[in-house]
Protein chains: 2
Amino acid sequence: MKKVTLEDIAKSLGVSKTLVSLIINNKAREHGISPDTVERVQKRVKEMNYMPNQAARGLRTGKSNLIGLIVADISNPFYAKISRAIEDLAWKNDYHIMVCSSDEDPEKELQLIRILKEKQQVEGLIVSPTQANNEVFRDLKKENFPFVLIDRYYPKFDTNLVVVDNLRSSTEAVKHLIDTGSKRIGMISLSPSHISSLSERVEGYKNALRDAGLKFDAALLEEVPFHDIRQSVREVMKKWLSGSSPVEAVFVANNHLAVACMEAVRDLGKKIPDDVRLISYDDVDLFRFSNPPVTAVSQPIEEIGTKSVELLLDILSNKIDRHSTRQVILPAHTIVRASTTK
Amino acid sequence: MKKVTLEDIAKSLGVSKTLVSLIINNKAREHGISPDTVERVQKRVKEMNYMPNQAARGLRTGKSNLIGLIVADISNPFYAKISRAIEDLAWKNDYHIMVCSSDEDPEKELQLIRILKEKQQVEGLIVSPTQANNEVFRDLKKENFPFVLIDRYYPKFDTNLVVVDNLRSSTEAVKHLIDTGSKRIGMISLSPSHISSLSERVEGYKNALRDAGLKFDAALLEEVPFHDIRQSVREVMKKWLSGSSPVEAVFVANNHLAVACMEAVRDLGKKIPDDVRLISYDDVDLFRFSNPPVTAVSQPIEEIGTKSVELLLDILSNKIDRHSTRQVILPAHTIVRASTTK
DNA sequence: GTGAAAGCGCTAACAG
DNA sequence: CTGTTAGCGCTTTCAC
């Protein structure tokens with residue numbers, strides 16, 4: 001079954017390709033094409049089930065109508081939800097998205113950016129960057145390639161971004177622990193620590209301690225590698241919960257860490273919140289029903305996705321000057337549940 | 001910053017585009033191109049950071065190197081994980097994927113299929129279909145368009161598919177409930193019920209009852225709509241748990257239903273497993289830590305993804321005859337946790 | 001109001 | 001061994 005092309009339509013109607021093309025692209029009016037020609041063509045297009053070939057169109061116009069999305073791992077519910085929101089809004093604007101997982105591997109991410117840009121010819125990029133520095137993004141900016149950073153950013157680098165106020169929300173989260181009676185509070189974050197959302201969560205932790213007049217103890221801040229969360233968290237918790245002055249509460253930097261932490265505590269024969277209290281950055285549906293329900297900082301996930309496409313589309317359609325930048329910073333709030341309730 | 005093209009490379013080296021093209025596509029050998037020419041070209045390609053434009057290449061060759069993936073909702077962890085597995089394997093084979101969510105809307109799904117095929121020119125499709133009948137897929141098959149169904153299929157329709165043995169695993173799950181002492185067992189599934197994975201789970205439920213000599217009671221089988229799970233489940237549970245002979249155990253057809261069920265039971269002031277036991281089809285990480293941990297049928301999610309791309313790639317590369325079909329049926333097993341332990 | 005023709009970047013006959 | 005040429009399906013001047 002051969003594909004229907006513009007030419008097929010034109011021939012079958014005895015008109016030129018130009019005419020059909022014009023009509024398909026809604027340029028009939030401005031070219032003063034007679035209404036009944038328009039109608040005849042449209043009818044035939046429907047009949048023959050014609051749909052323009054995007055490759056050909058893209059080749060000619062230089063527009064691919066494609067947006068690239070690069071996240072750490074699309075199977076992480078956080079990114080899966082963002083991706084969904086982006087997909088919806090992009091499609092509504094006749095853009096399609098191409099999603100890729102970087103696995104927090106800077107090299108792979110670099111590759112992905114290049115492939116999406118050069119090979120797939122995406123018109124813009126939305127990325128949750130795992131790069132240690134902003135070099136690629138500086139380059140992209142220099143050549144005026146549209147992109148939006150999400151979830152993470154580079155301080156002092158002026159670019160389009162949509163992030164959560166990690167600093168403030170983390171401070172709030174740890175303050176909650178302090179206000180409800182904990183003093184020895186540990187924090188588990190992830191390495192590499194250059195990722196802004198993580199370092200800001202750590203900053204927030206320190207701020208909250210300082211605000212409360214508590215001394216920061218380096219032994220109570222641990223960073224575990226992305227690829228060995230389970231085992232590493234287990235060791236940290238073992239260390240923290242044994243000895244004469246065990247940790248009273250733990251603030252973990254994301255949902256995976258929270259699960260690992262629950263597992264570790266259970267395996268150590270301890271109980272949350274009786275032996276140690278837990279608060280997680282990043283909320284997950286099931287935290288409401290976990291044992292115990294987990295107090296967590298809930299991010300406006302959908303909004304991160306929505307805002308980022310909106311921003312990108314505004315740039316692509318030149319609604320925003322390509323040289324100016326826009327920063328969207330969204331609030332996030334602690335949802336208190338039983339894991340921090342004595 | 002202009003894009004580097006084949007011609008740029010060729011000109012800068014004083015050779016023809018053909019030569020460069022051949023070398024880039026690893027056809028130097030079969031055309032007996034001299035090794036040092038090859039090297040010179042490759043060096044320049046690196047230097048100039050050249051990458052072929054997929055649109056142009058696709059237009060010429062008719063190959064897009066694109067695979068379309070259509071699932072109900074990419075933000076559902078089940079599909080997100082499948083998608084991830086597909087992405088990985090596809091990329092390794094130099095294919096990219098385009099993911100779309102159908103929202104269980106047959107019309108939208110039809111649209112998606114068409115757009116992906118005609119407009120985006122995907123070479124093959126992997127879809128978890130929400131169509132009530134196999135019409136589109138019959139058409140696709142007729143025109144020899146490669147596709148693989150996952151998770152769901154159409155009885156008596158001979159096509160490529162990768163599914164889980166829903167019937168057997170559901171029977172096993174309900175048998176577990178019976179073996180451990182429950183007699184009045186309710187099941188909550190979803191509508192539309194034409195989705196094979198769901199109807200098979202219901203079948204399995206009935207089979208298990210029959211095998212145990214228990215009578216099927218229509219009042220104990222409920223179907224709730226996809227878009228109103230929470231409220232509907234609440235009503236069902238309220239009905240089942242009140243009255244003189246409350247339900248002793250509930251088998252729910254997916255993870256969303258399980259969460260809704262837990263919520264409902266809690267809000268009714270009852271306890272799992274004391275007042276009612278719960279088993280879920282489809283396991284989720286956090287079920288290990290929920291209160292109580294939920295017994296669930298665990299599917300080989302990654303394998304569904306992996307097998308489906310393998311199959312599709314085999315077809316695309318003509319390793320498999322395009323007219324033959326292959327069915328992959330994977331086992332799934334119950335993981336017993338506290339929600340079914342008295 | 002409509003059509004002819006060029007060309008986007010690439011590959012594949014074919015020629016030499 | 002290497003180059004010339006045509007053309008994939010579309011949009012866009014430009015001409016009538």
# chains A, B, ... in the order shown; residues from 1 in each chain; ligands from 1
call {"tool": "closest_atom_pairs", "arguments": {"of": "chain A", "to": "chain C", "cutoff": "8 Å", "atoms": "only C-alpha atoms (C1' of nucleotides)", "output": "tab-separated table"}}
result
residue	atom	partner	partner_atom	distance
A:Ser16	CA	C:DG3	C1'	6.1
A:Thr18	CA	C:DG3	C1'	7.4
A:Leu19	CA	C:DT2	C1'	7.2
A:His31	CA	C:DG1	C1'	7.8
A:Gly32	CA	C:DG1	C1'	6.6
A:Ile33	CA	C:DG1	C1'	5.6
A:Ser34	CA	C:DG1	C1'	6.9
A:Leu59	CA	C:DC8	C1'	5.1
A:Arg60	CA	C:DC8	C1'	4.4
A:Thr61	CA	C:DC8	C1'	7.3
A:Gly62	CA	C:DC8	C1'	7.8
call {"tool": "select_by_dssp", "arguments": {"residues": "segment 99-249 of chain B", "states": "strand (DSSP E)", "output": "number ranges by chain"}}
result
B: 99-101, 124-127, 147-150, 161-164, 185-191, 221-225, 249
call {"tool": "write_last_selection", "arguments": {"atoms": "C-alpha atoms", "output": "tab-separated table (two decimals), in the first residue's frame"}}
result
chain	number	residue	atom	x	y	z
B	99	VAL	CA	6.02	7.74	22.93
B	100	CYS	CA	2.37	8.73	23.08
B	101	SER	CA	-0.38	8.29	25.65
B	124	GLY	CA	6.95	0.13	13.26
B	125	LEU	CA	4.56	0.42	16.16
B	126	ILE	CA	4.44	-1.06	19.63
B	127	VAL	CA	1.03	-0.59	21.14
B	147	PHE	CA	3.62	-3.75	14.75
B	148	VAL	CA	3.63	-5.58	18.04
B	149	LEU	CA	0.84	-5.56	20.60
B	150	ILE	CA	1.81	-5.54	24.23
B	161	LEU	CA	2.34	-9.86	20.61
B	162	VAL	CA	4.02	-9.85	23.98
B	163	VAL	CA	1.71	-10.41	26.90
B	164	VAL	CA	1.61	-11.85	30.35
B	185	ILE	CA	-13.89	-13.11	47.67
B	186	GLY	CA	-14.72	-9.96	45.73
B	187	MET	CA	-13.04	-8.73	42.62
B	188	ILE	CA	-12.77	-5.18	41.31
B	189	SER	CA	-11.82	-4.73	37.70
B	190	LEU	CA	-12.02	-1.86	35.26
B	191	SER	CA	-14.25	-1.01	32.37
B	221	LEU	CA	-17.57	-8.72	40.79
B	222	GLU	CA	-17.50	-5.01	40.09
B	223	GLU	CA	-16.14	-2.97	37.23
B	224	VAL	CA	-15.28	0.64	37.80
B	225	PRO	CA	-14.52	3.22	35.13
B	249	ALA	CA	-10.90	-10.75	50.61
call {"tool": "atom_distance", "arguments": {"atom1": "atom CA of Asp274 of chain A", "atom2": "atom CA of Arg288 of chain B"}}
result
19.7 Å
call {"tool": "closest_atom_pairs", "arguments": {"of": "chain D", "to": "chain A", "cutoff": "9 Å", "atoms": "only C-alpha atoms (C1' of nucleotides)", "output": "CSV"}}
result
residue,atom,partner,partner_atom,distance
D:DC8,C1',A:Ala56,CA,8.0
D:DG9,C1',A:Ala56,CA,5.0
D:DC10,C1',A:Arg57,CA,4.9
D:DT11,C1',A:Arg60,CA,6.3
D:DT12,C1',A:Thr18,CA,8.8
call {"tool": "select_by_dssp", "arguments": {"residues": "segment 25-104 of chain A", "states": "helix (DSSP H, G or I)", "output": "ChimeraX atom specification"}}
result
/A:29-31,35-47,54-61,77-92
call {"tool": "write_last_selection", "arguments": {"atoms": "C-alpha atoms", "output": "CSV table (one decimal), in the first residue's frame"}}
result
chain,number,residue,atom,x,y,z
A,29,ARG,CA,-7.1,33.1,2.1
A,30,GLU,CA,-4.0,35.1,1.7
A,31,HIS,CA,-3.5,33.7,-1.8
A,35,PRO,CA,-13.6,28.8,-1.9
A,36,ASP,CA,-14.9,26.0,-4.0
A,37,THR,CA,-11.3,24.9,-5.1
A,38,VAL,CA,-10.5,24.9,-1.4
A,39,GLU,CA,-13.5,22.7,-0.7
A,40,ARG,CA,-12.8,20.3,-3.5
A,41,VAL,CA,-9.2,19.9,-2.4
A,42,GLN,CA,-10.1,19.4,1.2
A,43,LYS,CA,-12.7,16.8,0.3
A,44,ARG,CA,-10.2,14.8,-1.7
A,45,VAL,CA,-7.6,15.1,1.1
A,46,LYS,CA,-10.1,13.5,3.4
A,47,GLU,CA,-11.1,10.8,1.0
A,54,GLN,CA,6.9,15.3,8.0
A,55,ALA,CA,10.4,14.4,6.8
A,56,ALA,CA,9.8,16.0,3.5
A,57,ARG,CA,8.2,19.0,5.0
A,58,GLY,CA,10.9,19.4,7.6
A,59,LEU,CA,13.6,19.1,5.0
A,60,ARG,CA,12.1,21.9,3.0
A,61,THR,CA,11.2,24.2,5.8
A,77,PRO,CA,7.7,8.6,38.4
A,78,PHE,CA,8.8,12.2,38.9
A,79,TYR,CA,10.1,12.4,35.4
A,80,ALA,CA,7.3,10.2,34.0
A,81,LYS,CA,4.8,12.7,35.2
A,82,ILE,CA,6.7,15.7,33.9
A,83,SER,CA,7.0,13.9,30.6
A,84,ARG,CA,3.3,13.3,30.4
A,85,ALA,CA,2.5,16.9,31.0
A,86,ILE,CA,4.9,18.0,28.4
A,87,GLU,CA,3.6,15.5,25.9
A,88,ASP,CA,0.0,16.7,26.3
A,89,LEU,CA,0.8,20.4,25.9
A,90,ALA,CA,3.2,19.8,23.0
A,91,TRP,CA,0.7,17.8,21.0
A,92,LYS,CA,-1.9,20.4,21.5
call {"tool": "atom_distance", "arguments": {"atom1": "atom CA of Ile301 of chain B", "atom2": "atom CA of Cys261 of chain B"}}
result
23.0 Å
call {"tool": "closest_residue", "arguments": {"among": "B:Ser244, B:Asn207, B:Gln120, B:Asn134", "to": "chain A", "atoms": "only C-alpha atoms"}}
result
B:Gln120
call {"tool": "closest_residue", "arguments": {"among": "B:Lys119, B:Lys238, B:Arg210, B:His256", "to": "chain A", "atoms": "only C-alpha atoms"}}
result
B:Lys119
call {"tool": "residues_around", "arguments": {"residues": "Pro155 of chain A", "least_positions_apart": "6", "cutoff": "12 Å", "atoms": "only C-alpha atoms (C1' of nucleotides)", "output": "list in words"}}
result
Ala132, Asn133, Asn134, Leu161, His194, Ile195, Ser196, Ser197, Ser199, Glu200 and Gln327 of chain A
call {"tool": "closest_residue", "arguments": {"among": "A:Val15, A:Ile320, A:Val122, A:Ile229", "to": "chain B", "atoms": "only C-alpha atoms"}}
result
A:Val122
